[in-house]
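What follows is the content of target.pdb, which has PDB, C-alpha atoms:
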```
ATOM      1  CA  MET A 203      15.318  -4.421  16.511  1.00  0.00           C
ATOM      2  CA  THR A 204      13.175  -4.344  13.398  1.00  0.00           C
ATOM      3  CA  GLU A 205       9.709  -5.845  13.654  1.00  0.00           C
ATOM      4  CA  TRP A 206       8.255  -7.571  10.608  1.00  0.00           C
ATOM      5  CA  VAL A 207       4.562  -8.408  10.311  1.00  0.00           C
ATOM      6  CA  ASP A 208       3.604 -11.522   8.367  1.00  0.00           C
ATOM      7  CA  VAL A 209       0.983 -10.771   5.667  1.00  0.00           C
ATOM      8  CA  CYS A 210       0.429 -13.894   3.576  1.00  0.00           C
ATOM      9  CA  ALA A 211       2.111 -16.370   1.277  1.00  0.00           C
ATOM     10  CA  GLU A 212       3.657 -14.802  -1.810  1.00  0.00           C
ATOM     11  CA  SER A 213       1.481 -17.093  -3.958  1.00  0.00           C
ATOM     12  CA  ALA A 214      -1.733 -15.809  -2.303  1.00  0.00           C
ATOM     13  CA  LEU A 215      -1.428 -12.344  -3.886  1.00  0.00           C
ATOM     14  CA  ALA A 216      -1.510 -12.523  -7.686  1.00  0.00           C
ATOM     15  CA  PRO A 217      -0.242  -9.685  -9.923  1.00  0.00           C
ATOM     16  CA  GLY A 218      -2.760  -6.826  -9.931  1.00  0.00           C
ATOM     17  CA  GLU A 219      -4.250  -7.849  -6.577  1.00  0.00           C
ATOM     18  CA  SER A 220      -4.090  -6.170  -3.190  1.00  0.00           C
ATOM     19  CA  ILE A 221      -4.878  -7.019   0.408  1.00  0.00           C
ATOM     20  CA  VAL A 222      -5.394  -4.808   3.461  1.00  0.00           C
ATOM     21  CA  VAL A 223      -3.766  -5.849   6.735  1.00  0.00           C
ATOM     22  CA  ASP A 224      -3.480  -4.362  10.203  1.00  0.00           C
ATOM     23  CA  VAL A 225       0.054  -3.267  11.055  1.00  0.00           C
ATOM     24  CA  ASP A 226       0.312  -2.036  14.631  1.00  0.00           C
ATOM     25  CA  GLY A 227      -3.218  -0.579  14.502  1.00  0.00           C
ATOM     26  CA  VAL A 228      -2.870   0.945  11.007  1.00  0.00           C
ATOM     27  CA  ASP A 229      -4.580  -0.404   7.872  1.00  0.00           C
ATOM     28  CA  VAL A 230      -1.922  -1.038   5.238  1.00  0.00           C
ATOM     29  CA  ALA A 231      -2.626  -1.953   1.619  1.00  0.00           C
ATOM     30  CA  VAL A 232      -0.223  -4.462   0.072  1.00  0.00           C
ATOM     31  CA  PHE A 233      -0.080  -4.583  -3.728  1.00  0.00           C
ATOM     32  CA  ASN A 234       1.436  -6.995  -6.223  1.00  0.00           C
ATOM     33  CA  LEU A 235       2.556  -5.022  -9.273  1.00  0.00           C
ATOM     34  CA  ASP A 236       3.927  -7.471 -11.839  1.00  0.00           C
ATOM     35  CA  GLY A 237       5.484  -9.690  -9.183  1.00  0.00           C
ATOM     36  CA  GLU A 238       6.893  -6.854  -7.051  1.00  0.00           C
ATOM     37  CA  PHE A 239       5.266  -6.092  -3.691  1.00  0.00           C
ATOM     38  CA  TYR A 240       4.574  -2.654  -2.226  1.00  0.00           C
ATOM     39  CA  ALA A 241       2.856  -1.440   0.934  1.00  0.00           C
ATOM     40  CA  ILE A 242       1.194   1.923   1.582  1.00  0.00           C
ATOM     41  CA  GLU A 243      -1.131   3.182   4.270  1.00  0.00           C
ATOM     42  CA  ASP A 244      -4.754   2.535   3.272  1.00  0.00           C
ATOM     43  CA  ILE A 245      -5.909   6.122   3.668  1.00  0.00           C
ATOM     44  CA  CYS A 246      -6.449   8.950   1.214  1.00  0.00           C
ATOM     45  CA  SER A 247      -4.718  12.096   2.433  1.00  0.00           C
ATOM     46  CA  HIS A 248      -7.528  14.156   0.900  1.00  0.00           C
ATOM     47  CA  ASP A 249     -10.412  13.009   3.104  1.00  0.00           C
ATOM     48  CA  GLY A 250      -9.262  10.053   5.196  1.00  0.00           C
ATOM     49  CA  GLY A 251     -11.184   7.432   3.230  1.00  0.00           C
ATOM     50  CA  GLU A 252      -9.724   4.061   2.321  1.00  0.00           C
ATOM     51  CA  ILE A 253      -8.050   3.760  -1.083  1.00  0.00           C
ATOM     52  CA  ALA A 254      -7.275   0.057  -1.512  1.00  0.00           C
ATOM     53  CA  SER A 255     -10.594  -0.590  -3.275  1.00  0.00           C
ATOM     54  CA  GLY A 256      -9.712   2.001  -5.922  1.00  0.00           C
ATOM     55  CA  THR A 257      -8.622   1.266  -9.466  1.00  0.00           C
ATOM     56  CA  ILE A 258      -5.008   0.333 -10.134  1.00  0.00           C
ATOM     57  CA  GLU A 259      -3.662   2.083 -13.232  1.00  0.00           C
ATOM     58  CA  GLY A 260      -0.036   1.250 -13.926  1.00  0.00           C
ATOM     59  CA  ASN A 261       1.784   1.934 -10.658  1.00  0.00           C
ATOM     60  CA  GLU A 262      -0.927   4.277  -9.324  1.00  0.00           C
ATOM     61  CA  ILE A 263      -4.011   3.742  -7.187  1.00  0.00           C
ATOM     62  CA  VAL A 264      -7.019   5.954  -7.918  1.00  0.00           C
ATOM     63  CA  CYS A 265      -9.045   6.829  -4.828  1.00  0.00           C
ATOM     64  CA  PRO A 266     -12.578   5.464  -5.215  1.00  0.00           C
ATOM     65  CA  ARG A 267     -14.155   8.514  -3.540  1.00  0.00           C
ATOM     66  CA  HIS A 268     -12.798  11.590  -5.332  1.00  0.00           C
ATOM     67  CA  GLY A 269     -10.220  10.357  -7.846  1.00  0.00           C
ATOM     68  CA  ALA A 270      -6.972  11.436  -6.184  1.00  0.00           C
ATOM     69  CA  ARG A 271      -4.022   9.386  -7.431  1.00  0.00           C
ATOM     70  CA  PHE A 272      -1.086   8.006  -5.472  1.00  0.00           C
ATOM     71  CA  CYS A 273       2.037   6.137  -6.535  1.00  0.00           C
ATOM     72  CA  ILE A 274       1.802   2.623  -5.090  1.00  0.00           C
ATOM     73  CA  LYS A 275       5.607   2.330  -5.028  1.00  0.00           C
ATOM     74  CA  THR A 276       6.281   5.512  -3.020  1.00  0.00           C
ATOM     75  CA  GLY A 277       3.009   6.826  -1.571  1.00  0.00           C
ATOM     76  CA  ASN A 278       3.574  10.106  -3.419  1.00  0.00           C
ATOM     77  CA  VAL A 279       0.451  12.016  -4.441  1.00  0.00           C
ATOM     78  CA  LYS A 280       0.079  12.290  -8.225  1.00  0.00           C
ATOM     79  CA  SER A 281      -3.082  14.379  -8.648  1.00  0.00           C
ATOM     80  CA  PRO A 282      -5.636  16.461  -6.771  1.00  0.00           C
ATOM     81  CA  PRO A 283      -7.800  16.673  -4.843  1.00  0.00           C
ATOM     82  CA  ALA A 284      -5.071  15.213  -2.577  1.00  0.00           C
ATOM     83  CA  TYR A 285      -1.935  17.268  -1.974  1.00  0.00           C
ATOM     84  CA  GLU A 286      -0.143  15.251   0.719  1.00  0.00           C
ATOM     85  CA  ASN A 287       1.706  11.968   0.292  1.00  0.00           C
ATOM     86  CA  ILE A 288       0.693   8.858   2.196  1.00  0.00           C
ATOM     87  CA  SER A 289       3.023   6.664   4.226  1.00  0.00           C
ATOM     88  CA  CYS A 290       4.689   3.637   2.746  1.00  0.00           C
ATOM     89  CA  TYR A 291       6.378   0.662   4.374  1.00  0.00           C
ATOM     90  CA  ASP A 292       9.354  -1.557   3.679  1.00  0.00           C
ATOM     91  CA  ILE A 293       8.287  -4.956   2.459  1.00  0.00           C
ATOM     92  CA  ARG A 294      10.206  -8.188   2.000  1.00  0.00           C
ATOM     93  CA  LEU A 295       9.847 -11.843   1.107  1.00  0.00           C
ATOM     94  CA  ASN A 296      10.949 -14.290   3.790  1.00  0.00           C
ATOM     95  CA  ASP A 297      10.601 -18.006   3.034  1.00  0.00           C
ATOM     96  CA  SER A 298       7.987 -17.177   0.360  1.00  0.00           C
ATOM     97  CA  ARG A 299       5.994 -15.087   2.878  1.00  0.00           C
ATOM     98  CA  ILE A 300       5.230 -11.395   2.352  1.00  0.00           C
ATOM     99  CA  GLN A 301       6.235  -9.336   5.396  1.00  0.00           C
ATOM    100  CA  ILE A 302       5.900  -5.633   6.224  1.00  0.00           C
ATOM    101  CA  ASN A 303       8.147  -3.620   8.503  1.00  0.00           C
ATOM    102  CA  GLU A 304       5.873  -2.046  11.110  1.00  0.00           C
ATOM    103  CA  LYS A 305       7.764   1.260  10.926  1.00  0.00           C
ATOM    104  CA  LYS A 306       6.543   3.812   8.353  1.00  0.00           C
ATOM    105  CA  ILE A 307       9.383   4.902   6.103  1.00  0.00           C
ATOM    106  CA  LYS A 308       7.995   8.221   4.851  1.00  0.00           C
ATOM    107  CA  THR A 309       4.951  10.423   4.568  1.00  0.00           C
TER     108      THR A 309
END
```
For this file, write the structure as structure tokens.
Amino acid sequence: MTEWVDVCAESALAPGESIVVDVDGVDVAVFNLDGEFYAIEDICSHDGGEIASGTIEGNEIVCPRHGARFCIKTGNVKSPPAYENISCYDIRLNDSRIQINEKKIKT
């Protein structure tokens, strides 16, 4: 059976904002990109630092430490110094609540 973790009300996360939540012991960054929600692991594959506080540029997050870029929609690395993708999670709206599936869908 699929386990969904409640994050927050849909209205609590405005476009361009993000929030970090604990999903089964893993920090996950949830982003609102123009009304669509995405969830990726809050860790840079380059050095293990958090990335959620980085700059959002289009559909990419720029790591605040060394500038690696990742696609928020897929977790795919877009530029060095990172070379490995980061995990992403299925996300859904349920009764106007944002929920994350606790199972990683890819790395």
Between CA of Ala211 (chain A) and CA of Asn287 (chain A) - distance in Å to one decimal =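 Straight-line distance from CA of Asn287 (chain A) to CA of Ala211 (chain A) works out to 28.4 Å.
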Residues selected by the PyMOL selection byres ((chain A and resi 235) around 10), written as a PyMOL selection string | chain A and resi 215-220+232-234+236-240+258+260-262+274-275
With only C-alpha atoms as the basis for distance, which of A:Ile288, A:Ile293, A:Val264, A:Ile302 is at the shortest distance from Asp244 (chain A)?
->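 Nearest candidate to Asp244 (chain A) out of A:Ile288, A:Ile293, A:Val264, A:Ile302: A:Ile288.
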The PyMOL selection byres ((chain A and resi 268) around 9) applied to the shown file, residues as an NGL selection string | :A and (248-249 or 264-267 or 269-270 or 282-284)
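Once the PyMOL selection byres ((chain A and resi 292) around 10) is applied to the depicted file, the selected set reads Trp206, Phe239, Tyr240, Ala241, Ile242, Cys290, Tyr291, Ile293, Arg294, Gln301, Ile302, Asn303, Glu304, Lys305, Lys306, Ile307 and Lys308 of chain A.
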So what do you get for CA of Ser289 (chain A) versus CA of Ile245 (chain A), distance-wise?
->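 Atom-to-atom, CA of Ser289 (chain A) and CA of Ile245 (chain A) are spaced 9.0 Å apart.
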To one decimal place, how far is CA of Val279 (chain A) from CA of Val207 (chain A) in Å?
->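 Spanning CA of Val279 (chain A) to CA of Val207 (chain A) is a straight-line distance of 25.5 Å.
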Pick out the closest residue to Glu243 (chain A) from this set: A:Thr257, A:Arg271, A:Asn296, A:Ala231. Count all atoms listed in the file.
->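 Once distances to Glu243 (chain A) are computed over all atoms listed in the file, the minimum belongs to A:Ala231.
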Centre and size of axis-aligned box enclosing region 253-271 of chain A plus 3 Å each side, as JSON:
```
{"center_x": -6.2, "center_y": 5.5, "center_z": -7.5, "size_x": 21.9, "size_y": 18.2, "size_z": 18.8}
```
